[in-house]
Structure formats: C-alpha cells, structure tokens
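Structure first, then comments.
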Amino acid sequence: MSAAPPPTHDELVATARRMRDRAYAPYSGFRVGCALLTADGRMFTGANVENAAYSPTICAERVALPAAVVAGARDLAVLAVAGDGDGPTTPCGVCRQVLFEFAPDLLVLAAGDTGPAASYVLGRDLLPDGFGPARLATGT
Ligand code: THU
C-alpha cells in the first residue's frame, strides 16, 4: 500500500483557513491559522494563542513549527498562513526569524479569507540577508 500523497498548495491554504477556528484571540480579534508541510510529507498545524498579559501571545506559525521539530521533522517545505480579512497575512518578523532557522528556502503561501494566496520564498522575499546558523558558524 502506498502512502497518501502530500496535500496540495490549495489544500494547505484551506487547512490554514480552517485552523483559524482553533485560534484563541480575544484581545486582537484577529485569528490566524497555518499549515506547515515538511519535506517528508507530514503536515503540522497551528493557530494563534493570545494571553491576558499580551506579550506571551504565540503566533500560529510558532505553534506549528516547534510541533514539527519535536516530531523530528526539521526539513520544512511549505507554510500556508491565513488571517482574518481580505488581505494576505504574512508571517510577523519574529516568525520569519524562527522559520529561517530551519528553512531559508521555505515557500510561504499567505492568504486571507478568499482568493488565491500570495507566494513568497522566505529568505529571498521576506527575510533577505537574514541571520541564521551559518553566520554563527563562520562569524561573518
Ligand atoms: N499573528 C500570527 O499568529 N501570525 C503572524 O505571523 C501575524 C500575527 C497573530 C498574533 C496576534 O495574536 C494577532 O495575530 C494580531 O497580531
């Protein structure tokens, strides 16, 4: 029996949109969901989890990424992220940095409520010249 094919980009975006229902966002009222596909075809999901003290708020991406890492999946291929509203929600600066650690070449599909997602390559489009492990190793 062969393994199920990995989700398509459209399916990842649909999952990210659905995951907004799991968000806990009583303070901002802005729900974000995401779906992270690993190179070996596994999918990890997340939604933002806010906090009364505000700063402990965890973005959707920083729910999904550690789940992938602790499951042994560090090779990340595609992230779909969807926020409330019409415009695409792109990952915040902190999430860009956290994702860059593992996947400078990550394909990011940024979506809103409807329509096609905007596509980016993390290290090329969203965090050019980012600081990652290679810089520590070389000291440059
Ligand atoms: N948020 C995310 O979950 N991911 C992002 O990359 C952008 C921002 C959340 C954090 C907060 O709960 C809400 O959106 C408003 O900033």
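Residue numbering restarts at 1 in every chain; chains get A, B, ... in the order shown in the structure tokens, and ligands count up from 1 in that same order.
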* Asked: Would you name the residues within 7 Å of ligand 1, counting only C-alpha atoms and all ligand atoms, and put them as a list in words?
  -> Ala25, Ser28, Phe30, Arg31, Val32, Gly33, Ala47, Asn48, Val49, Glu50, Thr57, Ile58, Cys59, Ala60, Glu61, Thr89, Thr90, Pro91, Cys92 and Cys95 of chain A
* **DSSP strand (DSSP E) selection over chain A, as a ChimeraX atom specification** => /A:32-38,43-47,76-83,107-111,118-121
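Proximity of A:Leu36, A:Ala82, A:Ala137, A:Ala68 to Leu106 (chain A), computed with only C-alpha atoms, is greatest for A:Leu36.
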* Asked: Skipping near chain neighbours, those fewer than 4 positions away, what residues fall within 10 Å of Gly87 (chain A) using only C-alpha atoms, listed as a PyMOL selection string?
  -> chain A and resi 82-83+110-115+117-118
* To do: Within region 4-131 of chain A, find each residue whose DSSP state, derived from the backbone, is helix (DSSP H, G or I), and express the selection as a ChimeraX atom specification.
  => /A:9-22,61-70,93-102,122-126
Export of prior selection with C-alpha atoms as a PDB file, in the first residue's frame:
```pdb
ATOM      1  CA  HIS A   9      -0.928  24.030  -2.040  1.00  0.00           C
ATOM      2  CA  ASP A  10      -4.659  24.698  -2.262  1.00  0.00           C
ATOM      3  CA  GLU A  11      -5.311  22.095   0.432  1.00  0.00           C
ATOM      4  CA  LEU A  12      -2.681  23.653   2.683  1.00  0.00           C
ATOM      5  CA  VAL A  13      -4.304  27.066   2.305  1.00  0.00           C
ATOM      6  CA  ALA A  14      -7.734  25.580   3.002  1.00  0.00           C
ATOM      7  CA  THR A  15      -6.378  23.916   6.141  1.00  0.00           C
ATOM      8  CA  ALA A  16      -4.771  27.177   7.291  1.00  0.00           C
ATOM      9  CA  ARG A  17      -8.103  28.950   6.854  1.00  0.00           C
ATOM     10  CA  ARG A  18      -9.915  26.223   8.792  1.00  0.00           C
ATOM     11  CA  MET A  19      -7.354  26.339  11.579  1.00  0.00           C
ATOM     12  CA  ARG A  20      -8.403  29.915  12.335  1.00  0.00           C
ATOM     13  CA  ASP A  21     -11.359  28.349  14.137  1.00  0.00           C
ATOM     14  CA  ARG A  22      -8.910  26.995  16.723  1.00  0.00           C
ATOM     15  CA  GLU A  61       3.475  29.746  12.987  1.00  0.00           C
ATOM     16  CA  ARG A  62       5.223  29.358  16.342  1.00  0.00           C
ATOM     17  CA  VAL A  63       2.667  26.742  17.341  1.00  0.00           C
ATOM     18  CA  ALA A  64       3.207  24.660  14.190  1.00  0.00           C
ATOM     19  CA  LEU A  65       6.971  24.925  13.811  1.00  0.00           C
ATOM     20  CA  PRO A  66       8.025  23.548  17.229  1.00  0.00           C
ATOM     21  CA  ALA A  67       5.496  20.751  16.815  1.00  0.00           C
ATOM     22  CA  ALA A  68       7.254  19.753  13.591  1.00  0.00           C
ATOM     23  CA  VAL A  69      10.702  19.991  15.160  1.00  0.00           C
ATOM     24  CA  VAL A  70       9.843  17.858  18.178  1.00  0.00           C
ATOM     25  CA  GLY A  93       9.092  39.432  11.959  1.00  0.00           C
ATOM     26  CA  VAL A  94       9.611  37.086  14.894  1.00  0.00           C
ATOM     27  CA  CYS A  95       8.055  34.195  12.992  1.00  0.00           C
ATOM     28  CA  ARG A  96      10.183  34.935   9.922  1.00  0.00           C
ATOM     29  CA  GLN A  97      13.277  34.644  12.086  1.00  0.00           C
ATOM     30  CA  VAL A  98      12.118  31.444  13.774  1.00  0.00           C
ATOM     31  CA  LEU A  99      11.252  29.813  10.442  1.00  0.00           C
ATOM     32  CA  PHE A 100      14.528  30.999   8.872  1.00  0.00           C
ATOM     33  CA  GLU A 101      16.472  28.948  11.416  1.00  0.00           C
ATOM     34  CA  PHE A 102      15.264  25.764   9.758  1.00  0.00           C
ATOM     35  CA  LEU A 122      11.239  33.134   2.963  1.00  0.00           C
ATOM     36  CA  GLY A 123      14.928  34.022   2.700  1.00  0.00           C
ATOM     37  CA  ARG A 124      14.610  35.705  -0.676  1.00  0.00           C
ATOM     38  CA  ASP A 125      11.436  37.750  -0.204  1.00  0.00           C
ATOM     39  CA  LEU A 126      10.556  38.004   3.493  1.00  0.00           C
TER      40      LEU A 126
END
```
* Could you tell me how far CA of Asp40 (chain A) lies from CA of Val108 (chain A), in Å and to one decimal? =>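 Straight-line distance from CA of Asp40 (chain A) to CA of Val108 (chain A) works out to 17.1 Å.
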* Atomic distance CA of Tyr24 (chain A) - CA of Ala71 (chain A), expressed in Å with one decimal ->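 Calculated distance between CA of Tyr24 (chain A) and CA of Ala71 (chain A) is 23.6 Å.
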* Asked: Mind pulling up the distance from CA of Leu109 (chain A) to CA of Ala39 (chain A)?
  ->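 So the answer is 15.7 Å.
Among the candidates A:Leu76, A:Met43, A:Asp86, A:Ser119, the one nearest to Pro104 (chain A) when counting only C-alpha atoms is A:Leu76.
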* **Option closest in space to Arg74 (chain A), from A:Tyr120, A:Tyr27, A:Phe44, A:Phe131 [counting only C-alpha atoms]** => A:Phe44
* Which is closer to Pro88 (chain A) than all the others in A:Pro116, A:Gly72, A:Ala53, A:Ala3, using only C-alpha atoms? ->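 Of all the options, A:Pro116 lies closest to Pro88 (chain A).
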